[in-house]
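Asker: Structure below; questions to follow.
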Amino acid sequence: MSVTANSVWNNCLAFIQDNIQPQAFKTWFEPIKPVKLSENALSIQVPSKFFYEWLEEHYVKLLKVALTRELGDQAKLVYIIRMENTYGNREPFTEKIPSTSRGQMSPQEMDVPIQSKNPELKNPFVIPGIRNIKIESQLNPNYNFDNFLEGDSNRLARSAGMAVANKPGGTSFNPLLIFGGVGLGKTHLAHAIGVEIKDKYPERTVLYISAEKFTQQYIESVKKNTRNDFIHFYQLIDVLIIDDVQFLSGKSGTQDVFFHIFNHLHQNGKQVILTSDKAPVDMQDIEQRLLSRFKWGLSAELQNPDYETRISILRNKLYRDGVEMPDEIVEYVAKHIKTNIRELEGAIISLIAQSSFNKKEVTLELAQQVVEKFVKNTKREVSIDYIQKVVSDYFEMDVATLQSKTRKRHIVQARQLAMFFAKKFTKASLASIGSQIGKRDHATVLHACKTVDNLAETDKQFRKYIEDLTKKFS
Ligand code: ADP
Ligand code: MG
């Protein structure tokens with residue numbers, strides 16, 4: 001049997017698996033792909049720079065032993081960093097030779113260093129005369145790593161956060177950008193990193209601030225003619241955490257000043273942590289040069305928590321509040337609130353409150369009422385454009401085809417389904433739906449809705465379409 005990259009790597013994996021925790025194996029070794037074997041060098045593909053560094057820091061010895069067993073003393077390992085989700089990264093492949101001979105990372109763009117004209121620090125936020133500048137970190141100690149539960153949905157972001165907390169400014173995750181939808185833990189994680197740094201390095205200046213407040217301060221400083229002081233203040237900080245940077249979109253003055261602050265901090269080895277509700281690639285009205293900075297470090301996504309994680313978050317919450325609740329109830333809540341941890345917590349808090357105020361036992365029925373309230377209130381309005389997009393994707397056609405005048409049966413059906421869902425999920429009138437879906441009149445839409453209702457009753461395949469699509473909208 002011939003020796004291939006695959007066979008070598010599989011043997012290594014078997015050895016590694018015997019030597020580390022299953023969870024660590026799953027996280028750090030399963031995602032690796034063997035790519036190439038030439039003589040005694042095995043190339044493996046890893047999903048990010050972060051991954052590569054983590055392996056180097058924690059598993060290099062193990063890897064070396066495993067590989068030497070397979071390829072002898074001359075064994076070499078080459079990492080290929082392949083970002084599956086390259087957010088506009090122009091260099092999807094980067095080769096790295098491990099450990100000792102590690103090369104310099106090439107910066108993607110050069111910075112123009114900013115000279116601070118005034119070395120004497122004037123700080124608008126500190127009473128003059130106090131020499132020892134102390135900046136309140138604005139951190140919330142209730143948001144820490146201990147109560148930020150780990151799951152598949154947040155593992156990368158959480159471990160990157162830990163790595164940054166251990167070595168602020170000393171990893172390549174600078175900036176660390178945490179992004180994800182509402183209520184998925186961005187603010188919590190950002191605080192947790194800050195709290196952990198304060199704990200480990202009490203002498204470092206950490207500052208948490210929302211992008212909104214940052215903007216207000218900046219505008220204020222312009223009014224008062226203290227823009228330079230504003231900049232100097234921020235340049236003093238060792239770990240700057242800015243929450244919800246999407247708020248800066250369209251605000252070019254604030255972006256400009258942030259750009260300078262960022263460059264200064266970055267050049268001086270200070271850590272920047274950002275959160276955003278979108279990946280850099282989807283951010284709008286943010287200057288290109290700033291976006292490119294965001295991509296320098298690591299963008300880690302917080303995804304929707306899976307069922308197990310939702311259960312553990314609920315259990316943890318109950319445990320911390322010293323409340324007991326039947327499994328059935330916890331499971332019900334976890335099953336029905338899927339995309340927002342804040343709502344998940346809200347529902348359970350509301351249940352606890354109801355049961356203690358009204359001295360009512362928490363029944364499944366009560367849980368249903370509470371959950372329904374949460375789910376209904378938060379159901380996002382889907383747009384007709386979105387519906388057309390989803391339906392077209394589902395039937396593998398483009399939106400123009402769906403809207404076209406053709407009488408081909410499968411296209412007509414797709415169009416009718418789009419109209420049906422538009423009626424069901426938006427508040428738009430029949431006329432407005434018609435005009436947006438291929439310029440039809442209200443009678444056509446009405447007819448479409450009736451046809452879909454009929455087919456749903458008589459045609460099994462069609463019913464399946466409706467079920468699949470309904471899931472995509474709810
Ligand atoms: P975002 O800033 O993304 O909108 P938050 O950080 O405000 O979300 O989180 C919303 C709520 O969910 C907070 O109460 C937070 O403590 C909680 N939460 C989020 N993720 C987790 C987690 N992994 N473990 C425990 N609680 C979490
Ligand atoms: Mg937040």
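Ordering of the structure tokens sets the chain letters (A, B, ...); residue numbers start at 1 within each chain; ligands are numbered from 1 in the order shown.
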Identify, counting only C-alpha atoms and all ligand atoms, the protein, DNA and RNA residues located within 7 Å of ligand 1, and give them as a PyMOL selection string.
Answerer: chain A and resi 143+147-150+154+180-189+313+341-342+345
Asker: For a test of reading the model, state the distance in Å between CA of Arg227 (chain A) and CA of Thr205 (chain A), rounded to one decimal.
Answerer: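 That distance, rounded to one decimal, is 20.9 Å.
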Asker: Hey, what's within 7 Å of region 233-237 of chain A if we count only C-alpha atoms and toss same-chain stuff fewer than 3 positions away? As a list of chain:residue names, please?
Answerer: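 Within the cut-off, the hits are A:Asn123, A:Thr205, A:Val206, A:Leu207, A:Asp229, A:Phe230, A:Leu240, A:Ile261, A:His264, A:Leu265.
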Asker: Where does DSSP see strand (DSSP E) in region 276-381 of chain A, if you list the residues as an mmCIF file with N, CA and C atoms, in the first residue's frame?
Answerer:
```
data_model
loop_
_atom_site.group_PDB
_atom_site.id
_atom_site.type_symbol
_atom_site.label_atom_id
_atom_site.label_comp_id
_atom_site.auth_asym_id
_atom_site.auth_seq_id
_atom_site.Cartn_x
_atom_site.Cartn_y
_atom_site.Cartn_z
ATOM 1 N N SER A 276 -19.768 43.655 15.958
ATOM 2 C CA SER A 276 -20.607 44.191 14.891
ATOM 3 C C SER A 276 -21.736 43.209 14.622
ATOM 4 N N LEU A 298 -8.782 38.763 13.337
ATOM 5 C CA LEU A 298 -9.676 37.625 13.159
ATOM 6 C C LEU A 298 -11.111 38.111 13.243
ATOM 7 N N SER A 299 -11.936 37.679 12.289
ATOM 8 C CA SER A 299 -13.370 37.917 12.407
ATOM 9 C C SER A 299 -13.998 36.616 12.856
ATOM 10 N N ALA A 300 -14.579 36.616 14.022
ATOM 11 C CA ALA A 300 -15.162 35.375 14.533
ATOM 12 C C ALA A 300 -16.655 35.571 14.706
ATOM 13 N N GLU A 301 -17.391 34.612 14.200
ATOM 14 C CA GLU A 301 -18.846 34.762 14.214
ATOM 15 C C GLU A 301 -19.491 34.077 15.418
ATOM 16 N N LEU A 302 -20.477 34.744 15.981
ATOM 17 C CA LEU A 302 -21.351 34.071 16.944
ATOM 18 C C LEU A 302 -22.578 33.630 16.169
#
```
Asker: Apply DSSP to the backbone of this structure and, from region 227-425 of chain A, keep only the residues in alpha helix (DSSP H); write these as a PyMOL selection string.
Answerer: chain A and resi 227-235+252-267+288-294+307-321+327-336+341-357+364-378+384-394+399-403+409-425
Asker: Tell me which protein, DNA and RNA residues are within 10 Å of Ser383 (chain A), counting only C-alpha atoms, leaving out same-chain ones fewer than 6 positions away, and put them as a list in words.
Answerer: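 The residues satisfying every condition are Lys389, Ala422, Phe425, Thr426, Lys427 and Ala428 of chain A.
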Asker: How about saving the chosen residues, C-alpha atoms kept, as a compact mmCIF listing (two decimals), in the first residue's frame?
Answerer:
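Generated output (result32.txt):
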```
# COMPACT_ATOMS: atom_id res chain seq x y z
CA LYS A 389 -35.15 35.46 -3.47
CA ALA A 422 -45.99 37.48 0.36
CA PHE A 425 -45.96 36.93 5.72
CA THR A 426 -46.22 40.61 4.86
CA LYS A 427 -48.82 43.26 5.34
CA ALA A 428 -48.66 44.30 1.70
```
Asker: Figure out the distance between CA of Asn144 (chain A) and CA of Ile197 (chain A), please, to one decimal in Å.
Answerer: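 Separation between CA of Ile197 (chain A) and CA of Asn144 (chain A): 10.7 Å.
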Asker: At what distance in Å, to one decimal, does CA of Phe395 (chain A) lie from CA of Gly434 (chain A)?
Answerer: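 CA of Phe395 (chain A) lies at a distance of 20.0 Å from CA of Gly434 (chain A).
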Asker: At a cut-off of 10 Å, using only C-alpha atoms, what residues contact Val371 (chain A)? Leave out same-chain residues fewer than 5 positions from it and give the result as a CSV table (one decimal) with C-alpha atoms, in the first residue's frame.
Answerer:
```csv
chain,number,residue,atom,x,y,z
A,332,TYR,CA,-40.1,23.5,25.5
A,333,VAL,CA,-38.6,27.0,25.8
A,334,ALA,CA,-35.3,25.8,24.2
A,336,HIS,CA,-39.2,27.3,20.5
A,337,ILE,CA,-36.8,30.2,20.9
A,343,GLU,CA,-35.1,36.3,24.3
A,344,LEU,CA,-34.4,32.8,25.6
A,346,GLY,CA,-36.3,36.8,28.8
A,347,ALA,CA,-38.7,33.9,28.4
A,348,ILE,CA,-37.3,32.0,31.4
A,350,SER,CA,-40.8,35.9,32.7
A,351,LEU,CA,-41.7,32.3,33.6
A,365,GLU,CA,-49.5,25.8,29.3
A,366,LEU,CA,-48.0,28.8,30.9
A,376,LYS,CA,-44.7,36.7,18.1
A,377,ASN,CA,-43.3,40.0,19.2
```
Asker: Please identify all polymer residues within 10 Å of region 282-291 of chain A, counting only C-alpha atoms, omitting same-chain residues fewer than 5 positions from it, and present them as JSON, numbers by chain.
Answerer: {"A": [87, 88, 109, 245, 246, 247, 248, 249, 250, 251, 252, 255, 256, 258, 259, 260, 262, 263, 276, 277, 296]}
Asker: Let me make sure I understand: among A:Met162, A:Val452, A:Ile209, A:Met397, which one has the smallest atom-to-atom distance to ligand 2 if we use only C-alpha atoms and all ligand atoms?
Answerer: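 Residue with the minimum atom-to-atom distance to ligand 2: A:Ile209.
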Asker: Can you pull out the residues contacting Ala414 (chain A)? Cut-off 7 Å, using only C-alpha atoms, and skip same-chain residues under 4 positions away; I want them as number ranges by chain.
Answerer: A: 391, 402, 410, 418
Asker: Compare A:Gln403, A:Ser429, A:Asn340, A:Thr458 by their minimum atom-to-atom distance to ligand 2, counting only C-alpha atoms and all ligand atoms, and give me the closest one.
Answerer: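 Of all the options, A:Asn340 lies closest to ligand 2.
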Asker: Taking into account only C-alpha atoms and all ligand atoms, which residue in the set A:Phe145, A:Phe421, A:Tyr208, A:Phe51 is nearest to ligand 2?
Answerer: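 When distances to ligand 2 are compared using only C-alpha atoms and all ligand atoms, the smallest one comes from A:Tyr208.
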Asker: A:Ala190, A:Val330, A:Leu430, A:Val445: which is nearest ligand 2, counting only C-alpha atoms and all ligand atoms?
Answerer: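 Smallest distance to ligand 2 is found for A:Ala190.
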